$ cat final09.cif   # mmCIF, C-alpha atoms
data_coords
loop_
_atom_site.group_PDB
_atom_site.id
_atom_site.type_symbol
_atom_site.label_atom_id
_atom_site.label_comp_id
_atom_site.auth_asym_id
_atom_site.auth_seq_id
_atom_site.Cartn_x
_atom_site.Cartn_y
_atom_site.Cartn_z
ATOM 1 C CA MET V 1 16.635 31.166 13.779
ATOM 2 C CA SER V 2 16.591 33.235 16.965
ATOM 3 C CA CYS V 3 12.828 33.739 16.739
ATOM 4 C CA ILE V 4 12.415 29.951 16.731
ATOM 5 C CA LYS V 5 14.610 29.714 19.835
ATOM 6 C CA ASP V 6 12.519 32.440 21.493
ATOM 7 C CA ALA V 7 9.293 30.603 20.649
ATOM 8 C CA VAL V 8 10.628 27.272 21.943
ATOM 9 C CA TYR V 9 11.649 28.919 25.203
ATOM 10 C CA ARG V 10 8.305 30.682 25.539
ATOM 11 C CA PHE V 11 6.513 27.342 25.374
ATOM 12 C CA THR V 12 8.980 25.179 27.309
ATOM 13 C CA GLY V 13 10.311 27.676 29.830
ATOM 14 C CA ARG V 14 13.882 26.452 29.335
ATOM 15 C CA GLY V 15 16.853 28.348 28.000
ATOM 16 C CA SER V 16 20.522 28.692 28.741
ATOM 17 C CA SER V 17 21.400 32.312 28.034
ATOM 18 C CA PHE V 18 20.522 35.318 30.217
ATOM 19 C CA GLN V 19 18.168 36.654 27.577
ATOM 20 C CA TYR V 20 16.095 33.472 27.568
ATOM 21 C CA ARG V 21 15.812 33.595 31.321
ATOM 22 C CA LEU V 22 14.183 37.045 30.983
ATOM 23 C CA LEU V 23 11.482 35.767 28.631
ATOM 24 C CA MET V 24 8.342 34.819 30.516
ATOM 25 C CA PRO V 25 6.963 31.435 29.504
ATOM 26 C CA VAL V 26 3.547 31.389 27.833
ATOM 27 C CA HIS V 27 1.903 29.545 30.713
ATOM 28 C CA GLN V 28 2.696 32.512 32.993
ATOM 29 C CA LEU V 29 1.330 35.034 30.477
ATOM 30 C CA ILE V 30 -1.944 33.227 29.757
ATOM 31 C CA LEU V 31 -3.831 34.139 32.943
ATOM 32 C CA PRO V 32 -3.182 37.920 32.883
ATOM 33 C CA THR V 33 -3.817 38.055 29.133
ATOM 34 C CA VAL V 34 -7.104 36.161 29.376
ATOM 35 C CA ALA V 35 -8.166 38.251 32.390
ATOM 36 C CA TYR V 36 -7.447 41.461 30.452
ATOM 37 C CA THR V 37 -9.447 40.242 27.455
ATOM 38 C CA LEU V 38 -12.430 39.166 29.566
ATOM 39 C CA ILE V 39 -12.504 42.440 31.506
ATOM 40 C CA TRP V 40 -12.207 44.403 28.227
ATOM 41 C CA ASP V 41 -15.154 42.455 26.778
ATOM 42 C CA LEU V 42 -17.239 42.950 29.917
ATOM 43 C CA ILE V 43 -16.653 46.711 30.018
ATOM 44 C CA GLY V 44 -17.140 46.968 26.257
ATOM 45 C CA ASN V 45 -20.396 45.003 26.190
ATOM 46 C CA CYS V 46 -21.877 46.974 29.089
ATOM 47 C CA THR V 47 -20.925 50.247 27.397
ATOM 48 C CA HIS V 48 -22.277 49.063 24.038
ATOM 49 C CA SER V 49 -25.634 48.099 25.571
ATOM 50 C CA LEU V 50 -25.895 51.425 27.382
ATOM 51 C CA VAL V 51 -25.152 53.479 24.254
ATOM 52 C CA ILE V 52 -27.628 51.445 22.155
ATOM 53 C CA LYS V 53 -30.301 51.945 24.815
ATOM 54 C CA LEU V 54 -29.661 55.705 24.948
ATOM 55 C CA CYS V 55 -29.764 55.962 21.141
ATOM 56 C CA LYS V 56 -33.045 54.018 20.975
ATOM 57 C CA ASN V 57 -34.602 56.231 23.651
ATOM 58 C CA GLU V 58 -33.500 59.325 21.724
ATOM 59 C CA ALA V 59 -34.884 57.901 18.468
ATOM 60 C CA LEU V 60 -38.234 57.125 20.135
ATOM 61 C CA ARG V 61 -38.423 60.638 21.553
ATOM 62 C CA LYS V 62 -37.747 62.143 18.123
ATOM 63 C CA LYS V 63 -40.350 59.901 16.478
ATOM 64 C CA GLU V 64 -42.977 61.017 18.980
ATOM 65 C CA ASP V 65 -42.072 64.668 18.402
ATOM 66 C CA TYR V 66 -41.843 64.623 14.594
ATOM 67 C CA LYS V 67 -43.653 61.427 13.526
ATOM 68 C CA THR V 68 -40.791 60.511 11.184
ATOM 69 C CA LYS V 69 -39.956 57.217 9.517
ATOM 70 C CA ASN V 70 -36.746 55.229 10.053
ATOM 71 C CA THR V 71 -33.861 56.595 8.053
ATOM 72 C CA LEU V 72 -30.488 55.083 7.262
ATOM 73 C CA VAL V 73 -28.973 57.207 10.021
ATOM 74 C CA GLU V 74 -31.401 55.904 12.640
ATOM 75 C CA VAL V 75 -30.708 52.302 11.671
ATOM 76 C CA VAL V 76 -26.897 52.372 11.353
ATOM 77 C CA TRP V 77 -25.807 55.272 13.558
ATOM 78 C CA PRO V 78 -26.520 53.677 16.978
ATOM 79 C CA GLU V 79 -24.399 50.601 16.163
ATOM 80 C CA LEU V 80 -21.591 52.702 14.726
ATOM 81 C CA LEU V 81 -21.539 55.027 17.714
ATOM 82 C CA ALA V 82 -21.902 52.214 20.254
ATOM 83 C CA GLY V 83 -19.023 50.254 18.717
ATOM 84 C CA THR V 84 -16.711 53.246 18.826
ATOM 85 C CA VAL V 85 -17.687 54.289 22.361
ATOM 86 C CA GLN V 86 -17.389 50.666 23.509
ATOM 87 C CA CYS V 87 -13.782 50.435 22.336
ATOM 88 C CA PHE V 88 -12.901 53.877 23.706
ATOM 89 C CA VAL V 89 -14.266 53.266 27.209
ATOM 90 C CA ALA V 90 -12.717 49.791 27.462
ATOM 91 C CA ASP V 91 -9.319 50.924 26.139
ATOM 92 C CA LEU V 92 -9.254 54.019 28.343
ATOM 93 C CA SER V 93 -10.300 52.245 31.528
ATOM 94 C CA LEU V 94 -7.832 49.370 31.019
ATOM 95 C CA LEU V 95 -4.842 51.415 29.825
ATOM 96 C CA PRO V 96 -2.785 50.799 33.019
ATOM 97 C CA LEU V 97 -3.503 47.078 32.864
ATOM 98 C CA GLU V 98 -2.578 46.944 29.180
ATOM 99 C CA LEU V 99 0.680 48.822 29.790
ATOM 100 C CA THR V 100 1.702 46.405 32.537
ATOM 101 C CA LEU V 101 0.747 43.418 30.421
ATOM 102 C CA ASN V 102 2.736 44.735 27.451
ATOM 103 C CA ARG V 103 5.816 45.089 29.644
ATOM 104 C CA LEU V 104 5.485 41.471 30.701
ATOM 105 C CA HIS V 105 5.230 40.359 27.086
ATOM 106 C CA LEU V 106 8.197 42.504 26.010
ATOM 107 C CA GLN V 107 10.698 41.585 28.689
ATOM 108 C CA GLY V 108 13.557 39.516 27.380
ATOM 109 C CA THR V 109 12.869 40.353 23.755
ATOM 110 C CA ARG V 110 15.137 42.501 21.634
ATOM 111 C CA ALA V 111 12.804 45.497 21.930
ATOM 112 C CA ILE V 112 13.998 49.091 21.865
ATOM 113 C CA VAL V 113 12.103 52.101 23.144
ATOM 114 C CA ASP V 114 12.435 55.839 22.647
ATOM 115 C CA ASN V 115 14.769 57.543 25.083
ATOM 116 C CA VAL V 116 12.303 60.046 26.521
ATOM 117 C CA LEU V 117 14.799 61.493 29.004
ATOM 118 C CA ASP V 118 16.974 63.328 26.492
ATOM 119 C CA ALA V 119 15.077 62.554 23.257
ATOM 120 C CA ARG V 120 18.178 61.236 21.525
ATOM 121 C CA GLY V 121 17.895 57.858 19.901
ATOM 122 C CA VAL V 122 16.561 54.688 21.410
ATOM 123 C CA ILE V 123 17.549 52.470 24.326
ATOM 124 C CA PRO V 124 17.073 48.724 24.804
ATOM 125 C CA TYR V 125 14.194 47.638 26.995
ATOM 126 C CA GLN V 126 15.582 45.422 29.732
ATOM 127 C CA ALA V 127 13.472 44.289 32.635
ATOM 128 C CA SER V 128 13.099 41.203 34.763
ATOM 129 C CA TYR V 129 9.686 40.564 36.263
ATOM 130 C CA ASN V 130 8.494 37.265 37.670
ATOM 131 C CA ASN V 131 4.757 37.955 37.576
ATOM 132 C CA PHE V 132 2.111 40.604 36.944
ATOM 133 C CA GLN V 133 2.047 41.928 40.508
ATOM 134 C CA GLN V 134 5.827 42.379 40.630
ATOM 135 C CA CYS V 135 5.748 44.180 37.293
ATOM 136 C CA LEU V 136 3.022 46.562 38.489
ATOM 137 C CA GLU V 137 4.806 47.253 41.802
ATOM 138 C CA ALA V 138 8.143 47.863 40.061
ATOM 139 C CA LEU V 139 6.456 50.198 37.605
ATOM 140 C CA LEU V 140 4.821 52.207 40.400
ATOM 141 C CA ASP V 141 7.996 52.312 42.512
ATOM 142 C CA SER V 142 10.343 53.364 39.735
ATOM 143 C CA GLU V 143 8.153 55.620 37.615
ATOM 144 C CA GLY V 144 5.182 56.621 39.779
ATOM 145 C CA VAL V 145 1.423 56.488 39.297
ATOM 146 C CA ALA V 146 1.524 58.772 36.256
ATOM 147 C CA SER V 147 3.509 56.120 34.383
ATOM 148 C CA LEU V 148 0.422 53.912 34.308
ATOM 149 C CA TRP V 149 -1.113 56.361 31.855
ATOM 150 C CA LYS V 150 1.755 56.391 29.349
ATOM 151 C CA GLY V 151 0.269 56.295 25.891
ATOM 152 C CA LEU V 152 -2.848 58.233 26.871
ATOM 153 C CA SER V 153 -2.172 61.006 24.351
ATOM 154 C CA ALA V 154 -1.779 58.456 21.537
ATOM 155 C CA LEU V 155 -5.006 56.761 22.604
ATOM 156 C CA LEU V 156 -6.871 60.078 22.666
ATOM 157 C CA LEU V 157 -5.498 61.002 19.255
ATOM 158 C CA GLN V 158 -6.540 57.622 17.854
ATOM 159 C CA TYR V 159 -10.090 57.958 19.138
ATOM 160 C CA THR V 160 -10.348 61.591 18.066
ATOM 161 C CA MET V 161 -9.730 60.375 14.539
ATOM 162 C CA ARG V 162 -12.163 57.468 14.926
ATOM 163 C CA PHE V 163 -14.941 59.692 16.264
ATOM 164 C CA THR V 164 -14.286 62.155 13.431
ATOM 165 C CA VAL V 165 -14.688 59.394 10.861
ATOM 166 C CA VAL V 166 -17.860 58.130 12.568
ATOM 167 C CA TYR V 167 -19.303 61.656 12.602
ATOM 168 C CA CYS V 168 -18.484 62.099 8.883
ATOM 169 C CA VAL V 169 -20.163 58.779 8.123
ATOM 170 C CA LYS V 170 -23.257 59.994 9.970
ATOM 171 C CA LYS V 171 -23.335 63.159 7.850
ATOM 172 C CA ILE V 172 -22.940 61.111 4.661
ATOM 173 C CA PHE V 173 -25.784 58.813 5.740
ATOM 174 C CA LYS V 174 -27.966 61.863 6.397
ATOM 175 C CA LEU V 175 -27.293 63.113 2.877
ATOM 176 C CA ILE V 176 -28.061 59.691 1.410
ATOM 177 C CA SER V 177 -31.241 59.300 3.465
ATOM 178 C CA ASN V 178 -32.619 62.746 2.610
ATOM 179 C CA PRO V 179 -31.141 63.741 -0.762
ATOM 180 C CA GLY V 180 -33.748 66.382 -1.493
ATOM 181 C CA HIS V 181 -33.970 67.840 1.989
ATOM 182 C CA SER V 182 -30.530 69.297 2.522
ATOM 183 C CA LYS V 183 -30.212 73.035 3.195
ATOM 184 C CA HIS V 184 -28.313 73.510 -0.051
ATOM 185 C CA SER V 185 -31.022 71.856 -2.172
ATOM 186 C CA GLU V 186 -33.782 73.799 -0.354
ATOM 187 C CA HIS V 187 -31.916 77.043 -1.098
ATOM 188 C CA ILE V 188 -31.625 76.098 -4.779
ATOM 189 C CA ASN V 189 -35.303 75.115 -4.956
ATOM 190 C CA ASP V 190 -36.342 78.413 -3.345
ATOM 191 C CA SER V 191 -34.234 80.445 -5.755
ATOM 192 C CA LEU V 192 -35.597 78.538 -8.743
ATOM 193 C CA SER V 193 -39.197 79.066 -7.670
ATOM 194 C CA VAL V 194 -38.636 82.813 -7.331
ATOM 195 C CA ASN V 195 -37.149 83.119 -10.811
ATOM 196 C CA PHE V 196 -40.007 81.294 -12.523
#
$ encode --input "final09.cif" --output "structure tokens"
Amino acid sequence: MSCIKDAVYRFTGRGSSFQYRLLMPVHQLILPTVAYTLIWDLIGNCTHSLVIKLCKNEALRKKEDYKTKNTLVEVVWPELLAGTVQCFVADLSLLPLELTLNRLHLQGTRAIVDNVLDARGVIPYQASYNNFQQCLEALLDSEGVASLWKGLSALLLQYTMRFTVVYCVKKIFKLISNPGHSKHSEHINDSLSVNF
């Protein structure tokens, strides 16, 4: 029932208790959220185009050097790499903006956060911001510039895992594209030819 009350307040901007007065109405959250999404898409699309262009240039250089045909790796790898790099660059560059935006969305909710001061338990998240600028200024005043990069280690860990998976997929595609040309199969073929 309380989630319905929260939703009604978010859309109407009216509530009687102190907690409801902390919730920012949706109409005040729309502009910063849309701005964040548009900036993320702009940075991501520019990065994606740049990575695709670099991959195509590298593929053309290799084709001129070795006169090879298109393999599965050459077809899929640029898109896979560009998609991952696109997300990484956009997420990394907009981390402070995302942190501030998340604080605006969380204020007035029943959220709890880890108590990083003494690492014992959790504490309720209570804040009262009127707009994005006030939230950013309060964050800088109370916690400093370094606080804008909270969550960086989690982001780096996430993308380390993503890049690892993408690299493994590339290796698998190489094996699929050239099943008879791996070092292991060449070694076996050489040893078989010596024995016979």
$ residues_near_point --input "final09.cif" --point "(-21.2, 57.8, 12.6)" --cutoff "6 Å" --atoms "only C-alpha atoms" --output "number ranges by chain"
V: 77, 80-81, 166-167, 169-170
$ resolve_selection --input "final09.cif" --expression "the PyMOL selection byres ((chain V and resi 100) around 8)" --output "number ranges by chain"
V: 96-99, 101-104, 132, 135-136, 139, 148
$ atom_distance --input "final09.cif" --atom1 "atom CA of V:Ala90" --atom2 "atom CA of V:Asn45"
9.1 Å
$ closest_residue --input "final09.cif" --among "V:Ile4, V:Val145, V:Val85, V:Val165" --to "V:Ile43" --atoms "all atoms listed in the file"
V:Val85
$ atom_distance --input "final09.cif" --atom1 "atom CA of V:Thr37" --atom2 "atom CA of V:Val76"
26.7 Å
$ closest_residue --input "final09.cif" --among "V:Asp91, V:Val75, V:Met24, V:Ser49" --to "V:Leu156" --atoms "only C-alpha atoms"
V:Asp91
$ atom_distance --input "final09.cif" --atom1 "atom CA of V:Leu94" --atom2 "atom CA of V:Thr47"
13.6 Å
$ closest_residue --input "final09.cif" --among "V:Phe88, V:Pro78, V:Val73, V:Asn131" --to "V:His27" --atoms "only C-alpha atoms"
V:Asn131
$ closest_residue --input "final09.cif" --among "V:Leu60, V:Cys55, V:Leu106, V:Leu95" --to "V:Gly151" --atoms "only C-alpha atoms"
V:Leu95
$ closest_residue --input "final09.cif" --among "V:Ala35, V:Glu137, V:Val89, V:His105" --to "V:Tyr159" --atoms "only C-alpha atoms"
V:Val89
$ decode --input "final09.cif" --residues "stretch 167-178 of chain V" --atoms "all heavy atoms" --output "PDB file, in the first residue's frame"
ATOM      1  N   TYR V 167      36.725 -10.837 -25.009  1.00  0.00           N
ATOM      2  CA  TYR V 167      37.984 -11.397 -25.494  1.00  0.00           C
ATOM      3  C   TYR V 167      37.866 -12.917 -25.674  1.00  0.00           C
ATOM      4  O   TYR V 167      38.352 -13.466 -26.665  1.00  0.00           O
ATOM      5  CB  TYR V 167      39.120 -11.054 -24.527  1.00  0.00           C
ATOM      6  CG  TYR V 167      40.457 -11.580 -24.962  1.00  0.00           C
ATOM      7  CD1 TYR V 167      41.155 -10.968 -25.995  1.00  0.00           C
ATOM      8  CD2 TYR V 167      41.023 -12.700 -24.358  1.00  0.00           C
ATOM      9  CE1 TYR V 167      42.385 -11.448 -26.410  1.00  0.00           C
ATOM     10  CE2 TYR V 167      42.246 -13.184 -24.766  1.00  0.00           C
ATOM     11  CZ  TYR V 167      42.926 -12.559 -25.790  1.00  0.00           C
ATOM     12  OH  TYR V 167      44.132 -13.050 -26.200  1.00  0.00           O
ATOM     13  N   CYS V 168      37.220 -13.599 -24.734  1.00  0.00           N
ATOM     14  CA  CYS V 168      37.020 -15.050 -24.845  1.00  0.00           C
ATOM     15  C   CYS V 168      36.147 -15.385 -26.050  1.00  0.00           C
ATOM     16  O   CYS V 168      36.407 -16.369 -26.755  1.00  0.00           O
ATOM     17  CB  CYS V 168      36.403 -15.614 -23.572  1.00  0.00           C
ATOM     18  SG  CYS V 168      37.533 -15.606 -22.171  1.00  0.00           S
ATOM     19  N   VAL V 169      35.137 -14.570 -26.291  1.00  0.00           N
ATOM     20  CA  VAL V 169      34.285 -14.790 -27.466  1.00  0.00           C
ATOM     21  C   VAL V 169      35.105 -14.637 -28.746  1.00  0.00           C
ATOM     22  O   VAL V 169      34.943 -15.403 -29.695  1.00  0.00           O
ATOM     23  CB  VAL V 169      33.076 -13.828 -27.445  1.00  0.00           C
ATOM     24  CG1 VAL V 169      32.350 -13.814 -28.776  1.00  0.00           C
ATOM     25  CG2 VAL V 169      32.120 -14.197 -26.329  1.00  0.00           C
ATOM     26  N   LYS V 170      36.006 -13.663 -28.763  1.00  0.00           N
ATOM     27  CA  LYS V 170      36.865 -13.484 -29.935  1.00  0.00           C
ATOM     28  C   LYS V 170      37.722 -14.728 -30.168  1.00  0.00           C
ATOM     29  O   LYS V 170      37.861 -15.203 -31.303  1.00  0.00           O
ATOM     30  CB  LYS V 170      37.770 -12.258 -29.754  1.00  0.00           C
ATOM     31  CG  LYS V 170      38.717 -12.043 -30.919  1.00  0.00           C
ATOM     32  CD  LYS V 170      39.643 -10.875 -30.686  1.00  0.00           C
ATOM     33  CE  LYS V 170      40.577 -10.704 -31.873  1.00  0.00           C
ATOM     34  NZ  LYS V 170      41.538  -9.635 -31.659  1.00  0.00           N
ATOM     35  N   LYS V 171      38.295 -15.271 -29.102  1.00  0.00           N
ATOM     36  CA  LYS V 171      39.116 -16.478 -29.237  1.00  0.00           C
ATOM     37  C   LYS V 171      38.289 -17.659 -29.737  1.00  0.00           C
ATOM     38  O   LYS V 171      38.749 -18.439 -30.571  1.00  0.00           O
ATOM     39  CB  LYS V 171      39.779 -16.828 -27.888  1.00  0.00           C
ATOM     40  CG  LYS V 171      40.853 -15.862 -27.480  1.00  0.00           C
ATOM     41  CD  LYS V 171      41.969 -15.889 -28.492  1.00  0.00           C
ATOM     42  CE  LYS V 171      43.098 -14.980 -28.098  1.00  0.00           C
ATOM     43  NZ  LYS V 171      44.142 -14.929 -29.109  1.00  0.00           N
ATOM     44  N   ILE V 172      37.062 -17.785 -29.227  1.00  0.00           N
ATOM     45  CA  ILE V 172      36.182 -18.869 -29.679  1.00  0.00           C
ATOM     46  C   ILE V 172      35.849 -18.698 -31.157  1.00  0.00           C
ATOM     47  O   ILE V 172      35.864 -19.662 -31.926  1.00  0.00           O
ATOM     48  CB  ILE V 172      34.900 -18.925 -28.816  1.00  0.00           C
ATOM     49  CG1 ILE V 172      35.252 -19.396 -27.405  1.00  0.00           C
ATOM     50  CG2 ILE V 172      33.844 -19.818 -29.443  1.00  0.00           C
ATOM     51  CD1 ILE V 172      34.135 -19.243 -26.400  1.00  0.00           C
ATOM     52  N   PHE V 173      35.562 -17.458 -31.569  1.00  0.00           N
ATOM     53  CA  PHE V 173      35.276 -17.203 -32.986  1.00  0.00           C
ATOM     54  C   PHE V 173      36.480 -17.513 -33.867  1.00  0.00           C
ATOM     55  O   PHE V 173      36.328 -17.994 -34.985  1.00  0.00           O
ATOM     56  CB  PHE V 173      34.839 -15.758 -33.195  1.00  0.00           C
ATOM     57  CG  PHE V 173      33.414 -15.495 -32.828  1.00  0.00           C
ATOM     58  CD1 PHE V 173      32.956 -14.201 -32.693  1.00  0.00           C
ATOM     59  CD2 PHE V 173      32.514 -16.526 -32.604  1.00  0.00           C
ATOM     60  CE1 PHE V 173      31.642 -13.937 -32.345  1.00  0.00           C
ATOM     61  CE2 PHE V 173      31.199 -16.283 -32.262  1.00  0.00           C
ATOM     62  CZ  PHE V 173      30.761 -14.985 -32.137  1.00  0.00           C
ATOM     63  N   LYS V 174      37.680 -17.239 -33.365  1.00  0.00           N
ATOM     64  CA  LYS V 174      38.887 -17.572 -34.134  1.00  0.00           C
ATOM     65  C   LYS V 174      39.001 -19.076 -34.327  1.00  0.00           C
ATOM     66  O   LYS V 174      39.360 -19.550 -35.398  1.00  0.00           O
ATOM     67  CB  LYS V 174      40.141 -17.031 -33.436  1.00  0.00           C
ATOM     68  CG  LYS V 174      40.465 -15.616 -33.778  1.00  0.00           C
ATOM     69  CD  LYS V 174      41.818 -15.230 -33.237  1.00  0.00           C
ATOM     70  CE  LYS V 174      42.163 -13.846 -33.693  1.00  0.00           C
ATOM     71  NZ  LYS V 174      43.485 -13.423 -33.237  1.00  0.00           N
ATOM     72  N   LEU V 175      38.704 -19.823 -33.263  1.00  0.00           N
ATOM     73  CA  LEU V 175      38.757 -21.288 -33.375  1.00  0.00           C
ATOM     74  C   LEU V 175      37.700 -21.806 -34.330  1.00  0.00           C
ATOM     75  O   LEU V 175      37.958 -22.749 -35.101  1.00  0.00           O
ATOM     76  CB  LEU V 175      38.574 -21.929 -31.997  1.00  0.00           C
ATOM     77  CG  LEU V 175      39.746 -21.787 -31.036  1.00  0.00           C
ATOM     78  CD1 LEU V 175      39.369 -22.323 -29.660  1.00  0.00           C
ATOM     79  CD2 LEU V 175      40.972 -22.497 -31.576  1.00  0.00           C
ATOM     80  N   ILE V 176      36.515 -21.222 -34.309  1.00  0.00           N
ATOM     81  CA  ILE V 176      35.446 -21.647 -35.207  1.00  0.00           C
ATOM     82  C   ILE V 176      35.781 -21.290 -36.651  1.00  0.00           C
ATOM     83  O   ILE V 176      35.539 -22.077 -37.563  1.00  0.00           O
ATOM     84  CB  ILE V 176      34.103 -21.001 -34.791  1.00  0.00           C
ATOM     85  CG1 ILE V 176      33.643 -21.566 -33.459  1.00  0.00           C
ATOM     86  CG2 ILE V 176      33.042 -21.210 -35.852  1.00  0.00           C
ATOM     87  CD1 ILE V 176      32.444 -20.838 -32.857  1.00  0.00           C
ATOM     88  N   SER V 177      36.348 -20.113 -36.859  1.00  0.00           N
ATOM     89  CA  SER V 177      36.659 -19.650 -38.211  1.00  0.00           C
ATOM     90  C   SER V 177      37.788 -20.449 -38.849  1.00  0.00           C
ATOM     91  O   SER V 177      37.777 -20.704 -40.051  1.00  0.00           O
ATOM     92  CB  SER V 177      37.064 -18.179 -38.182  1.00  0.00           C
ATOM     93  OG  SER V 177      35.995 -17.391 -37.778  1.00  0.00           O
ATOM     94  N   ASN V 178      38.775 -20.837 -38.067  1.00  0.00           N
ATOM     95  CA  ASN V 178      39.934 -21.559 -38.581  1.00  0.00           C
ATOM     96  C   ASN V 178      40.138 -22.852 -37.795  1.00  0.00           C
ATOM     97  O   ASN V 178      41.103 -22.972 -37.051  1.00  0.00           O
ATOM     98  CB  ASN V 178      41.193 -20.696 -38.465  1.00  0.00           C
ATOM     99  CG  ASN V 178      41.078 -19.405 -39.234  1.00  0.00           C
ATOM    100  OD1 ASN V 178      40.507 -19.374 -40.303  1.00  0.00           O
ATOM    101  ND2 ASN V 178      41.609 -18.339 -38.673  1.00  0.00           N
TER     102      ASN V 178
END
